[in-house]
$ cat query-v7.txt   # compact mmCIF, C-alpha atoms
# COMPACT_ATOMS: atom_id res chain seq x y z
CA MET A 1 -110.55 3.26 -51.80
CA PRO A 2 -112.13 6.49 -52.88
CA SER A 3 -111.19 8.16 -56.07
CA SER A 4 -111.87 11.62 -57.35
CA SER A 5 -114.48 10.21 -59.73
CA GLU A 6 -116.56 9.01 -56.77
CA THR A 7 -117.18 12.51 -55.42
CA PRO A 8 -117.94 14.77 -58.35
CA VAL A 9 -118.21 18.48 -58.01
CA ARG A 10 -121.74 19.64 -58.63
CA PRO A 11 -121.37 22.75 -60.73
CA GLY A 12 -123.60 25.69 -60.08
CA PRO A 13 -125.49 27.37 -62.89
CA GLU A 14 -123.25 28.80 -65.57
CA THR A 15 -121.28 31.70 -64.22
CA PRO A 16 -122.77 34.97 -65.31
CA ALA A 17 -120.41 37.60 -66.62
CA ALA A 18 -118.95 39.72 -63.88
CA GLY A 19 -119.70 43.42 -63.95
CA PRO A 20 -123.14 44.26 -65.22
CA PRO A 21 -126.15 43.12 -63.25
CA LEU A 22 -127.48 39.62 -63.93
CA ALA A 23 -130.94 40.84 -64.53
CA PRO A 24 -132.66 44.17 -64.92
CA ALA A 25 -131.83 46.34 -61.94
CA PRO A 26 -133.63 44.80 -59.01
CA LEU A 27 -136.63 46.70 -57.82
CA THR A 28 -137.03 46.96 -54.12
CA ARG A 29 -140.31 46.47 -52.34
CA GLY A 30 -142.86 49.19 -52.31
CA THR A 31 -145.73 50.34 -54.38
CA ALA A 32 -143.91 52.69 -56.69
CA PRO A 33 -141.22 50.27 -57.96
CA ALA A 34 -143.76 47.46 -58.21
CA ALA A 35 -146.07 49.70 -60.17
CA ALA A 36 -143.17 50.73 -62.39
CA ALA A 37 -142.30 47.09 -62.98
CA GLU A 38 -145.89 46.23 -63.85
CA ALA A 39 -146.04 49.20 -66.19
CA ALA A 40 -142.91 47.79 -67.85
CA GLY A 41 -144.77 44.54 -68.48
CA TRP A 42 -143.56 42.56 -65.49
CA GLN A 43 -145.84 39.82 -64.29
CA PRO A 44 -145.04 37.95 -61.09
CA ARG A 45 -144.14 34.31 -61.35
CA ILE A 46 -145.47 32.36 -58.40
CA ILE A 47 -144.87 28.73 -57.52
CA ALA A 48 -147.44 26.98 -55.33
CA PHE A 49 -146.39 23.70 -53.75
CA CYS A 50 -149.68 21.89 -53.20
CA CYS A 51 -150.47 18.73 -51.28
CA GLN A 52 -152.34 16.18 -53.40
CA TYR A 53 -154.81 15.45 -50.61
CA CYS A 54 -156.07 18.98 -50.14
CA ALA A 55 -154.81 22.05 -52.02
CA TYR A 56 -154.28 20.22 -55.30
CA SER A 57 -157.77 18.74 -55.11
CA ALA A 58 -159.09 22.15 -54.12
CA ALA A 59 -157.48 23.57 -57.25
CA ASP A 60 -159.34 20.91 -59.24
CA MET A 61 -162.54 21.94 -57.58
CA ALA A 62 -161.85 25.61 -58.31
CA GLY A 63 -161.45 24.61 -61.94
CA SER A 64 -164.68 22.58 -61.91
CA MET A 65 -166.47 25.54 -60.38
CA ARG A 66 -165.05 27.80 -63.11
CA LEU A 67 -163.53 30.05 -60.48
CA GLN A 68 -161.02 32.59 -61.72
CA TYR A 69 -157.59 32.81 -60.15
CA PRO A 70 -154.38 34.44 -61.41
CA PRO A 71 -152.62 32.59 -64.21
CA GLU A 72 -149.28 33.63 -62.68
CA VAL A 73 -149.65 30.83 -60.11
CA GLU A 74 -147.94 27.63 -61.21
CA ILE A 75 -148.84 24.56 -59.19
CA VAL A 76 -146.34 21.87 -58.21
CA LEU A 77 -147.93 18.66 -56.93
CA LEU A 78 -146.53 17.23 -53.71
CA PRO A 79 -147.54 13.90 -52.17
CA CYS A 80 -147.75 15.80 -48.85
CA THR A 81 -146.40 19.20 -47.80
CA GLY A 82 -144.07 17.18 -45.56
CA ARG A 83 -142.12 16.72 -48.79
CA PHE A 84 -141.57 20.47 -49.00
CA ASP A 85 -138.07 21.60 -48.24
CA VAL A 86 -136.27 24.94 -48.10
CA ILE A 87 -134.15 24.00 -51.09
CA LEU A 88 -137.23 23.59 -53.34
CA ALA A 89 -138.19 27.22 -52.77
CA LEU A 90 -134.60 28.48 -53.08
CA LYS A 91 -134.25 26.71 -56.43
CA ALA A 92 -137.52 28.30 -57.53
CA PHE A 93 -136.15 31.76 -56.66
CA GLU A 94 -132.87 30.94 -58.40
CA ARG A 95 -134.86 30.14 -61.52
CA GLY A 96 -136.86 33.33 -61.55
CA ALA A 97 -139.77 32.92 -59.18
CA ASP A 98 -141.02 36.06 -57.42
CA GLY A 99 -142.97 34.26 -54.73
CA VAL A 100 -143.50 30.77 -53.37
CA TYR A 101 -146.28 29.39 -51.24
CA VAL A 102 -147.01 26.03 -49.74
CA ALA A 103 -150.59 24.84 -49.37
CA GLY A 104 -151.29 21.87 -47.14
CA CYS A 105 -154.10 20.25 -45.23
CA LEU A 106 -155.80 21.86 -42.26
CA GLU A 107 -153.77 21.25 -39.12
CA GLY A 108 -154.79 17.98 -37.55
CA ASN A 109 -155.95 16.58 -40.90
CA CYS A 110 -152.65 15.67 -42.54
CA HIS A 111 -152.85 12.28 -44.28
CA PHE A 112 -149.36 11.62 -42.89
CA LEU A 113 -150.17 13.05 -39.45
CA ASP A 114 -147.87 16.07 -39.29
CA GLY A 115 -146.44 16.79 -42.73
CA ASN A 116 -148.25 20.16 -42.84
CA VAL A 117 -146.90 21.13 -39.40
CA ARG A 118 -143.37 20.29 -40.52
CA ALA A 119 -143.90 22.30 -43.70
CA ARG A 120 -144.98 25.33 -41.68
CA LYS A 121 -141.77 25.16 -39.66
CA ARG A 122 -139.71 24.88 -42.84
CA VAL A 123 -141.48 27.91 -44.30
CA GLY A 124 -140.56 29.75 -41.09
CA LEU A 125 -136.90 28.81 -41.56
CA LEU A 126 -137.11 29.78 -45.23
CA LYS A 127 -138.36 33.27 -44.30
CA LYS A 128 -135.34 33.76 -42.04
CA GLU A 129 -132.89 32.48 -44.65
CA LEU A 130 -134.34 34.72 -47.34
CA ALA A 131 -134.31 37.74 -45.03
CA ALA A 132 -130.61 37.07 -44.37
CA VAL A 133 -129.85 37.52 -48.07
CA GLY A 134 -132.02 40.62 -48.44
CA PHE A 135 -135.25 39.08 -49.74
CA GLU A 136 -138.59 40.05 -48.27
CA PRO A 137 -139.82 37.14 -46.14
CA GLU A 138 -143.34 37.93 -47.33
CA ARG A 139 -142.38 36.32 -50.63
CA VAL A 140 -143.05 32.94 -49.04
CA GLU A 141 -146.09 31.77 -47.12
CA MET A 142 -147.79 28.68 -45.76
CA TYR A 143 -151.53 28.12 -46.16
CA ASN A 144 -153.85 25.42 -44.90
CA LEU A 145 -157.10 24.35 -46.57
CA SER A 146 -159.14 21.26 -47.27
CA ALA A 147 -159.92 19.50 -50.55
CA SER A 148 -163.47 20.86 -50.45
CA GLN A 149 -162.36 24.50 -50.36
CA GLY A 150 -162.13 25.34 -54.04
CA PRO A 151 -163.19 28.97 -53.48
CA ARG A 152 -160.58 29.30 -50.72
CA PHE A 153 -157.91 28.00 -53.10
CA ALA A 154 -158.78 30.71 -55.61
CA GLU A 155 -158.87 33.31 -52.82
CA ILE A 156 -155.38 32.29 -51.61
CA ALA A 157 -154.03 32.46 -55.15
CA ARG A 158 -155.46 35.98 -55.59
CA GLU A 159 -154.33 37.15 -52.17
CA PHE A 160 -150.75 35.92 -52.60
CA THR A 161 -150.49 37.23 -56.15
CA ARG A 162 -151.62 40.67 -54.93
CA ARG A 163 -149.01 40.53 -52.19
CA VAL A 164 -146.15 39.62 -54.56
CA SER A 165 -147.32 42.16 -57.13
CA GLY A 166 -147.05 44.77 -54.40
CA LEU A 167 -143.54 43.68 -53.53
CA GLY A 168 -142.37 43.87 -57.12
CA PRO A 169 -139.89 41.59 -58.88
CA SER A 170 -137.69 39.27 -56.87
CA PRO A 171 -134.42 40.92 -55.79
CA ALA A 172 -132.69 38.23 -57.89
CA GLY A 173 -134.52 39.26 -61.03
CA GLY A 174 -137.84 37.50 -60.95
CA GLY A 175 -140.68 37.39 -63.42
CA GLY A 176 -139.24 34.13 -64.67
CA GLN A 177 -136.72 36.22 -66.59
CA GLY A 178 -133.97 36.79 -64.08
CA GLY A 179 -133.23 33.17 -63.27
CA LEU A 180 -129.62 32.27 -62.74
CA MET B 1 -120.53 12.93 -32.61
CA ILE B 2 -119.31 16.45 -33.17
CA ILE B 3 -122.18 18.93 -33.18
CA ALA B 4 -121.89 22.05 -35.30
CA GLU B 5 -124.12 24.78 -36.68
CA ARG B 6 -123.83 27.09 -39.64
CA LYS B 7 -122.26 30.48 -39.10
CA PRO B 8 -124.45 33.54 -39.62
CA LEU B 9 -124.87 34.14 -43.33
CA ASP B 10 -123.41 37.65 -43.26
CA GLU B 11 -120.20 36.27 -41.74
CA ILE B 12 -119.96 33.71 -44.56
CA THR B 13 -120.69 36.28 -47.27
CA GLY B 14 -118.02 38.47 -45.67
CA PHE B 15 -115.48 35.67 -46.15
CA ILE B 16 -116.13 35.52 -49.88
CA ALA B 17 -116.57 39.22 -50.61
CA GLY B 18 -114.85 39.88 -53.92
CA ALA B 19 -114.67 36.20 -54.89
CA GLY B 20 -115.90 35.16 -58.33
CA LYS B 21 -115.78 31.39 -57.94
CA VAL B 22 -116.47 29.49 -54.74
CA LEU B 23 -116.58 25.80 -53.81
CA VAL B 24 -118.87 24.79 -50.95
CA ALA B 25 -117.53 21.55 -49.49
CA GLY B 26 -119.65 19.39 -47.19
CA CYS B 27 -118.81 16.34 -45.11
CA ARG B 28 -120.77 13.09 -44.80
CA GLY B 29 -119.61 12.53 -41.22
CA CYS B 30 -120.95 14.01 -38.00
CA VAL B 31 -122.15 17.26 -39.56
CA THR B 32 -124.44 15.36 -41.93
CA VAL B 33 -126.04 13.60 -38.97
CA CYS B 34 -126.54 16.86 -37.06
CA ASN B 35 -127.93 18.57 -40.19
CA ALA B 36 -125.25 21.24 -40.33
CA GLY B 37 -122.94 20.41 -43.24
CA GLY B 38 -124.11 17.47 -45.35
CA THR B 39 -125.12 17.42 -49.00
CA LYS B 40 -128.44 19.08 -48.27
CA GLU B 41 -126.96 21.91 -46.24
CA VAL B 42 -124.30 22.43 -48.92
CA GLU B 43 -127.05 22.80 -51.49
CA ILE B 44 -128.94 25.32 -49.36
CA LEU B 45 -125.88 27.46 -48.60
CA ALA B 46 -124.80 27.43 -52.25
CA SER B 47 -128.26 28.52 -53.32
CA LEU B 48 -128.39 31.34 -50.76
CA LEU B 49 -124.98 32.60 -51.88
CA ARG B 50 -126.13 32.64 -55.52
CA LEU B 51 -129.30 34.54 -54.61
CA ASP B 52 -127.31 37.01 -52.53
CA ALA B 53 -124.94 37.64 -55.42
CA ALA B 54 -127.76 37.91 -57.94
CA LYS B 55 -129.52 40.46 -55.73
CA ASP B 56 -126.41 42.65 -55.82
CA GLY B 57 -125.80 42.02 -59.51
CA ARG B 58 -122.50 40.29 -58.76
CA GLY B 59 -121.15 37.47 -60.90
CA LEU B 60 -120.56 34.54 -58.58
CA ALA B 61 -120.18 30.87 -59.50
CA VAL B 62 -120.85 28.49 -56.63
CA ASP B 63 -120.06 24.79 -57.04
CA GLU B 64 -120.85 22.05 -54.56
CA ILE B 65 -119.11 18.91 -53.34
CA THR B 66 -119.55 16.66 -50.33
CA LEU B 67 -116.68 14.46 -49.21
CA GLU B 68 -117.00 11.22 -47.28
CA ARG B 69 -115.03 12.84 -44.47
CA GLN B 70 -112.89 15.95 -44.28
CA CYS B 71 -110.92 14.71 -41.27
CA ASP B 72 -109.14 12.04 -43.32
CA PRO B 73 -106.37 12.81 -45.82
CA GLU B 74 -107.48 10.13 -48.27
CA TYR B 75 -110.82 11.90 -48.78
CA VAL B 76 -109.38 15.43 -48.68
CA GLU B 77 -107.18 14.26 -51.55
CA GLU B 78 -110.32 14.07 -53.69
CA LEU B 79 -110.28 17.88 -53.83
CA SER B 80 -107.00 17.90 -55.76
CA GLY B 81 -108.82 17.73 -59.11
CA PRO B 82 -111.57 20.27 -58.42
CA LEU B 83 -109.21 22.76 -56.76
CA GLY B 84 -107.13 22.81 -59.94
CA LYS B 85 -110.02 24.74 -61.50
CA GLY B 86 -109.11 27.88 -59.65
CA TYR B 87 -111.56 28.57 -56.87
CA ASP B 88 -111.16 31.92 -55.13
CA ALA B 89 -112.42 30.38 -51.90
CA VAL B 90 -113.44 27.07 -50.39
CA LEU B 91 -116.20 27.20 -47.79
CA SER B 92 -115.89 24.08 -45.69
CA MET B 93 -119.08 22.86 -44.07
CA ALA B 94 -117.26 20.27 -41.97
CA CYS B 95 -116.36 20.72 -38.31
CA SER B 96 -113.25 22.85 -37.87
CA ILE B 97 -111.05 19.84 -38.59
CA GLY B 98 -112.15 19.88 -42.23
CA PRO B 99 -110.96 23.38 -43.17
CA GLN B 100 -107.73 22.74 -41.24
CA PHE B 101 -107.03 19.59 -43.23
CA ILE B 102 -107.88 21.31 -46.52
CA ALA B 103 -105.71 24.31 -45.65
CA ARG B 104 -102.78 22.05 -44.79
CA ARG B 105 -103.10 19.90 -47.93
CA TYR B 106 -103.64 22.87 -50.27
CA PRO B 107 -101.47 25.68 -48.86
CA ALA B 108 -102.20 28.16 -51.62
CA GLN B 109 -105.97 27.76 -51.38
CA ALA B 110 -108.09 30.20 -49.37
CA VAL B 111 -110.26 28.10 -47.05
CA TYR B 112 -112.95 29.35 -44.67
CA PRO B 113 -115.07 27.60 -42.03
CA ALA B 114 -118.77 27.88 -42.80
CA LEU B 115 -119.71 26.18 -39.52
CA ASN B 116 -119.10 26.83 -35.87
CA THR B 117 -118.00 23.61 -34.19
CA CYS B 118 -119.94 23.53 -30.94
CA PHE B 119 -119.45 20.39 -28.86
CA MET B 120 -119.42 16.60 -28.63
CA GLY B 121 -122.88 15.34 -27.93
CA GLY B 122 -125.92 13.40 -29.00
CA ALA B 123 -129.48 13.99 -30.17
CA LEU B 124 -131.99 14.28 -27.32
CA GLU B 125 -134.72 14.25 -29.96
CA HIS B 126 -134.91 15.13 -33.63
CA GLY B 127 -133.51 18.66 -33.88
CA VAL B 128 -132.13 18.93 -30.34
CA TRP B 129 -128.53 18.11 -29.46
CA ALA B 130 -126.79 18.37 -26.11
CA GLU B 131 -123.21 18.18 -24.92
CA HIS B 132 -122.32 14.85 -23.32
CA CYS B 133 -118.52 14.63 -23.44
CA GLN B 134 -115.61 16.98 -23.00
CA ALA B 135 -112.90 14.50 -24.14
CA CYS B 136 -111.05 14.67 -20.83
CA GLY B 137 -109.12 11.59 -21.92
CA ASN B 138 -109.90 9.48 -18.83
CA CYS B 139 -113.56 8.45 -18.75
CA VAL B 140 -115.12 8.23 -15.30
CA ILE B 141 -118.83 8.00 -16.05
CA HIS B 142 -119.03 4.52 -14.45
CA LEU B 143 -118.46 6.23 -11.09
CA PHE B 144 -121.45 8.52 -11.63
CA GLY B 145 -124.24 6.19 -12.71
CA GLY B 146 -123.44 6.63 -16.37
CA PHE B 147 -123.63 10.43 -16.33
CA CYS B 148 -120.69 12.67 -17.07
CA PRO B 149 -120.32 15.42 -14.46
CA ILE B 150 -117.35 16.89 -16.32
CA SER B 151 -119.28 17.81 -19.47
CA ARG B 152 -122.79 18.03 -18.07
CA CYS B 153 -122.21 19.96 -14.84
CA SER B 154 -121.73 23.66 -15.54
CA LYS B 155 -118.88 23.67 -13.01
CA SER B 156 -117.59 20.16 -13.84
CA LEU B 157 -117.99 19.31 -10.17
CA LEU B 158 -116.94 15.82 -9.10
CA ASN B 159 -118.38 16.22 -5.58
CA GLY B 160 -121.61 17.96 -6.41
CA PRO B 161 -124.24 19.18 -6.49
CA CYS B 162 -123.63 22.84 -5.77
CA GLY B 163 -126.09 25.30 -4.27
CA GLY B 164 -127.33 26.30 -7.70
CA SER B 165 -129.28 23.08 -8.19
CA ALA B 166 -133.03 23.61 -7.84
CA GLY B 167 -135.88 21.40 -8.96
CA GLY B 168 -133.50 19.24 -10.98
CA LYS B 169 -132.29 22.20 -13.03
CA CYS B 170 -129.03 24.09 -13.10
CA GLU B 171 -129.05 27.76 -12.13
CA VAL B 172 -127.24 28.59 -15.36
CA SER B 173 -130.33 27.79 -17.46
CA LYS B 174 -133.69 26.11 -17.05
CA ASP B 175 -132.80 24.12 -20.17
CA ILE B 176 -129.86 22.47 -18.39
CA ASP B 177 -130.57 19.47 -16.21
CA CYS B 178 -128.53 19.40 -13.01
CA VAL B 179 -126.46 16.32 -13.75
CA TRP B 180 -125.86 15.80 -10.05
CA HIS B 181 -129.61 15.62 -9.53
CA LEU B 182 -129.69 12.89 -12.21
CA ILE B 183 -126.73 11.08 -10.65
CA VAL B 184 -128.30 11.04 -7.18
CA GLU B 185 -131.68 9.94 -8.57
CA LYS B 186 -130.08 7.15 -10.58
CA LEU B 187 -127.88 5.85 -7.79
CA SER B 188 -130.70 6.12 -5.25
CA ALA B 189 -132.77 3.80 -7.43
CA ALA B 190 -130.00 1.51 -8.61
CA GLY B 191 -127.87 1.50 -5.48
CA GLY B 192 -124.37 2.82 -5.00
CA LEU B 193 -125.13 6.24 -3.55
CA GLU B 194 -123.19 5.37 -0.39
CA LYS B 195 -119.89 5.60 -2.24
CA PHE B 196 -120.37 9.35 -2.39
CA MET B 197 -119.95 9.49 1.37
CA GLY B 198 -116.26 9.72 0.57
CA ILE B 199 -114.63 12.54 -1.29
CA GLU B 200 -113.66 12.05 -4.92
CA LEU B 201 -109.97 12.72 -5.29
CA VAL B 202 -108.82 15.56 -7.44
CA LYS B 203 -108.93 14.51 -11.09
CA ASP B 204 -105.68 14.21 -12.95
CA TRP B 205 -106.24 16.51 -15.93
CA LYS B 206 -103.03 15.70 -17.75
CA THR B 207 -104.96 13.52 -20.21
CA SER B 208 -107.15 16.50 -21.03
CA ARG B 209 -106.12 19.75 -22.69
CA ASP B 210 -103.79 20.55 -19.82
CA GLY B 211 -101.25 18.24 -21.46
CA GLY B 212 -101.26 20.29 -24.67
CA PRO B 213 -102.68 19.14 -28.04
CA ARG B 214 -103.25 15.40 -27.89
CA ARG B 215 -102.21 12.68 -30.28
CA ILE B 216 -102.73 8.93 -30.50
CA ALA B 217 -100.41 6.73 -32.56
CA ARG B 218 -101.37 3.08 -33.02
CA GLU B 219 -98.25 1.03 -33.77
CA ASP B 220 -100.36 -1.80 -35.21
CA LEU B 221 -101.89 0.54 -37.79
CA LEU B 222 -98.81 2.49 -38.77
CA LYS B 223 -97.04 1.58 -41.99

$ encode --input "query-v7.txt" --output "structure tokens"
Amino acid sequence: MPSSSETPVRPGPETPAAGPPLAPAPLTRGTAPAAAAEAAGWQPRIIAFCCQYCAYSAADMAGSMRLQYPPEVEIVLLPCTGRFDVILALKAFERGADGVYVAGCLEGNCHFLDGNVRARKRVGLLKKELAAVGFEPERVEMYNLSASQGPRFAEIAREFTRRVSGLGPSPAGGGGQGGL
Amino acid sequence: MIIAERKPLDEITGFIAGAGKVLVAGCRGCVTVCNAGGTKEVEILASLLRLDAAKDGRGLAVDEITLERQCDPEYVEELSGPLGKGYDAVLSMACSIGPQFIARRYPAQAVYPALNTCFMGGALEHGVWAEHCQACGNCVIHLFGGFCPISRCSKSLLNGPCGGSAGGKCEVSKDIDCVWHLIVEKLSAAGGLEKFMGIELVKDWKTSRDGGPRRIAREDLLK
């Protein structure tokens, strides 16, 4: 027989006080607010979910080659981008991320056959879900590269960081400061 | 199983406008299998609601729970403890039976359906579900080669096909197979097509919805 102890409620993050905004007034997309945010010391916080067989190794190579890429990008190792799920990105945004990207193998080269194709579809769903709650879908993206493309890894990191910097802080706060 | 899909997010956020504390309640039954209202979908909806509130600077606490089933009083009872904590709204991610059972058991609690209950069906492939039963209460698929013309024919014809069948598809949509095309193909191969030379008698619909809301009571199971 079930009992109430068998199905616990999973509490959300601690309830913020009602009334004042959770975080500094959200800045909407556009050059001026983003520039204002950067002038106020905001730096984007970007989470990159990287497949161990390609993007993660490419990051290693970028490091070995002493290539520069933005320090705002924080890498999360995945065994395959097929492990990526919408909830991973949503949790990242809840905790203050301003942008999330997924980097997997070139299509046709997935170690697990189609993990990267599945990830691309999930990123597509994620864009729609975020748009439905007023986030810019451009805050998430899917990239494909191989383990030998260290320079491409650095280029993606720069390109995406520029994009998110242009968008400004996440509508939920962002900059790693506005997490729930 | 019962196939459902999540309501549009703006409809759900409309339900909880003004709420400060919300419980999202999933179900481990059919809606888990059809990826509409299980633990994972509860987590995603809860997260989206928090982000939506944070964007607007609203204080909103969103808790999560997933019951074994919401169509069974013994599991709905498990909410008695959590609901004592004063939730402004419960968003049920079960089929429509779940929010009805919660609303009946907890009369003072505001309960909203977060899913649209769509049909009874099965998975054609991962991510695709199709209607296969209309619960008419008197199954006749053995007469039709194992296909159900009531749920799978757009007109529920028992003496089909109609003139809208072309190339094996129904005129309603190219995504709908003409079930009568399937029936004829099956019975042509397996034998038994000759029985359609007669006319199927009019179906007695009193076991379906025409008899009002239905109920089954099993004497051997009753206390």

$ atom_distance --input "query-v7.txt" --atom1 "atom CA of B:Phe119" --atom2 "atom CA of B:Val202"
24.4 Å

$ residues_near_point --input "query-v7.txt" --point "(-119.1, 15.5, -0.7)" --cutoff "7 Å" --atoms "all atoms listed in the file" --output "PDB file with C-alpha atoms, in the coordinates of the input"
ATOM      1  CA  ASN B 159    -118.380  16.220  -5.580  1.00  0.00           C
ATOM      2  CA  GLY B 160    -121.610  17.960  -6.410  1.00  0.00           C
ATOM      3  CA  PHE B 196    -120.370   9.350  -2.390  1.00  0.00           C
ATOM      4  CA  MET B 197    -119.950   9.490   1.370  1.00  0.00           C
ATOM      5  CA  GLY B 198    -116.260   9.720   0.570  1.00  0.00           C
ATOM      6  CA  ILE B 199    -114.630  12.540  -1.290  1.00  0.00           C
TER       7      ILE B 199
END

$ closest_residue --input "query-v7.txt" --among "A:Phe135, A:Phe49, A:Phe160, A:Tyr69" --to "A:Phe93" --atoms "all atoms listed in the file"
A:Phe135

$ atom_distance --input "query-v7.txt" --atom1 "atom CA of A:Ser148" --atom2 "atom CA of A:Cys105"
10.7 Å

$ atom_distance --input "query-v7.txt" --atom1 "atom CA of A:Cys50" --atom2 "atom CA of A:Val76"
6.0 Å

$ interface_residues --input "query-v7.txt" --of "chain B" --to "chain A" --cutoff "10 Å" --atoms "all atoms listed in the file" --output "PyMOL selection string"
chain B and resi 8-10+13+20-25+40-41+43-68+74-82

$ closest_residue --input "query-v7.txt" --among "A:Ile156, A:Cys51, A:Val73, A:Ala39" --to "A:Gly115" --atoms "only C-alpha atoms"
A:Cys51

$ closest_residue --input "query-v7.txt" --among "A:Gly104, A:Thr161, A:Arg139, A:Val117" --to "A:Glu74" --atoms "all atoms listed in the file"
A:Thr161

$ build_atoms --input "query-v7.txt" --residues "stretch 170-190 of chain B" --atoms "N, CA and C atoms" --output "mmCIF file, in the frame of the given file"
data_model
loop_
_atom_site.group_PDB
_atom_site.id
_atom_site.type_symbol
_atom_site.label_atom_id
_atom_site.label_comp_id
_atom_site.auth_asym_id
_atom_site.auth_seq_id
_atom_site.Cartn_x
_atom_site.Cartn_y
_atom_site.Cartn_z
ATOM 1 N N CYS B 170 -130.225 23.320 -13.435
ATOM 2 C CA CYS B 170 -129.030 24.090 -13.100
ATOM 3 C C CYS B 170 -129.376 25.580 -13.091
ATOM 4 N N GLU B 171 -128.749 26.326 -12.217
ATOM 5 C CA GLU B 171 -129.050 27.760 -12.130
ATOM 6 C C GLU B 171 -128.592 28.530 -13.385
ATOM 7 N N VAL B 172 -127.728 27.906 -14.152
ATOM 8 C CA VAL B 172 -127.240 28.590 -15.360
ATOM 9 C C VAL B 172 -128.366 28.766 -16.380
ATOM 10 N N SER B 173 -129.219 27.717 -16.513
ATOM 11 C CA SER B 173 -130.330 27.790 -17.460
ATOM 12 C C SER B 173 -131.361 26.737 -17.106
ATOM 13 N N LYS B 174 -132.618 27.094 -17.321
ATOM 14 C CA LYS B 174 -133.690 26.110 -17.050
ATOM 15 C C LYS B 174 -133.661 24.986 -18.074
ATOM 16 N N ASP B 175 -132.914 25.176 -19.157
ATOM 17 C CA ASP B 175 -132.800 24.120 -20.170
ATOM 18 C C ASP B 175 -131.721 23.100 -19.818
ATOM 19 N N ILE B 176 -130.950 23.382 -18.752
ATOM 20 C CA ILE B 176 -129.860 22.470 -18.390
ATOM 21 C C ILE B 176 -130.289 21.655 -17.173
ATOM 22 N N ASP B 177 -130.315 20.329 -17.365
ATOM 23 C CA ASP B 177 -130.570 19.470 -16.210
ATOM 24 C C ASP B 177 -129.376 19.539 -15.280
ATOM 25 N N CYS B 178 -129.646 19.525 -13.949
ATOM 26 C CA CYS B 178 -128.530 19.400 -13.010
ATOM 27 C C CYS B 178 -128.095 17.939 -13.067
ATOM 28 N N VAL B 179 -126.895 17.706 -13.576
ATOM 29 C CA VAL B 179 -126.460 16.320 -13.750
ATOM 30 C C VAL B 179 -126.298 15.623 -12.405
ATOM 31 N N TRP B 180 -125.993 16.413 -11.374
ATOM 32 C CA TRP B 180 -125.860 15.800 -10.050
ATOM 33 C C TRP B 180 -127.210 15.368 -9.512
ATOM 34 N N HIS B 181 -128.261 16.060 -9.872
ATOM 35 C CA HIS B 181 -129.610 15.620 -9.530
ATOM 36 C C HIS B 181 -129.880 14.261 -10.198
ATOM 37 N N LEU B 182 -129.488 14.150 -11.477
ATOM 38 C CA LEU B 182 -129.690 12.890 -12.210
ATOM 39 C C LEU B 182 -128.857 11.764 -11.605
ATOM 40 N N ILE B 183 -127.620 12.102 -11.232
ATOM 41 C CA ILE B 183 -126.730 11.080 -10.650
ATOM 42 C C ILE B 183 -127.323 10.550 -9.348
ATOM 43 N N VAL B 184 -127.754 11.453 -8.488
ATOM 44 C CA VAL B 184 -128.300 11.040 -7.180
ATOM 45 C C VAL B 184 -129.583 10.236 -7.382
ATOM 46 N N GLU B 185 -130.448 10.690 -8.295
ATOM 47 C CA GLU B 185 -131.680 9.940 -8.570
ATOM 48 C C GLU B 185 -131.369 8.538 -9.067
ATOM 49 N N LYS B 186 -130.427 8.457 -9.991
ATOM 50 C CA LYS B 186 -130.080 7.150 -10.580
ATOM 51 C C LYS B 186 -129.501 6.217 -9.526
ATOM 52 N N LEU B 187 -128.545 6.722 -8.762
ATOM 53 C CA LEU B 187 -127.880 5.850 -7.790
ATOM 54 C C LEU B 187 -128.789 5.547 -6.595
ATOM 55 N N SER B 188 -129.737 6.414 -6.319
ATOM 56 C CA SER B 188 -130.700 6.120 -5.250
ATOM 57 C C SER B 188 -131.565 4.934 -5.659
ATOM 58 N N ALA B 189 -131.924 4.885 -6.931
ATOM 59 C CA ALA B 189 -132.770 3.800 -7.430
ATOM 60 C C ALA B 189 -131.963 2.530 -7.663
ATOM 61 N N ALA B 190 -130.780 2.679 -8.208
ATOM 62 C CA ALA B 190 -130.000 1.510 -8.610
ATOM 63 C C ALA B 190 -129.043 1.037 -7.532
#
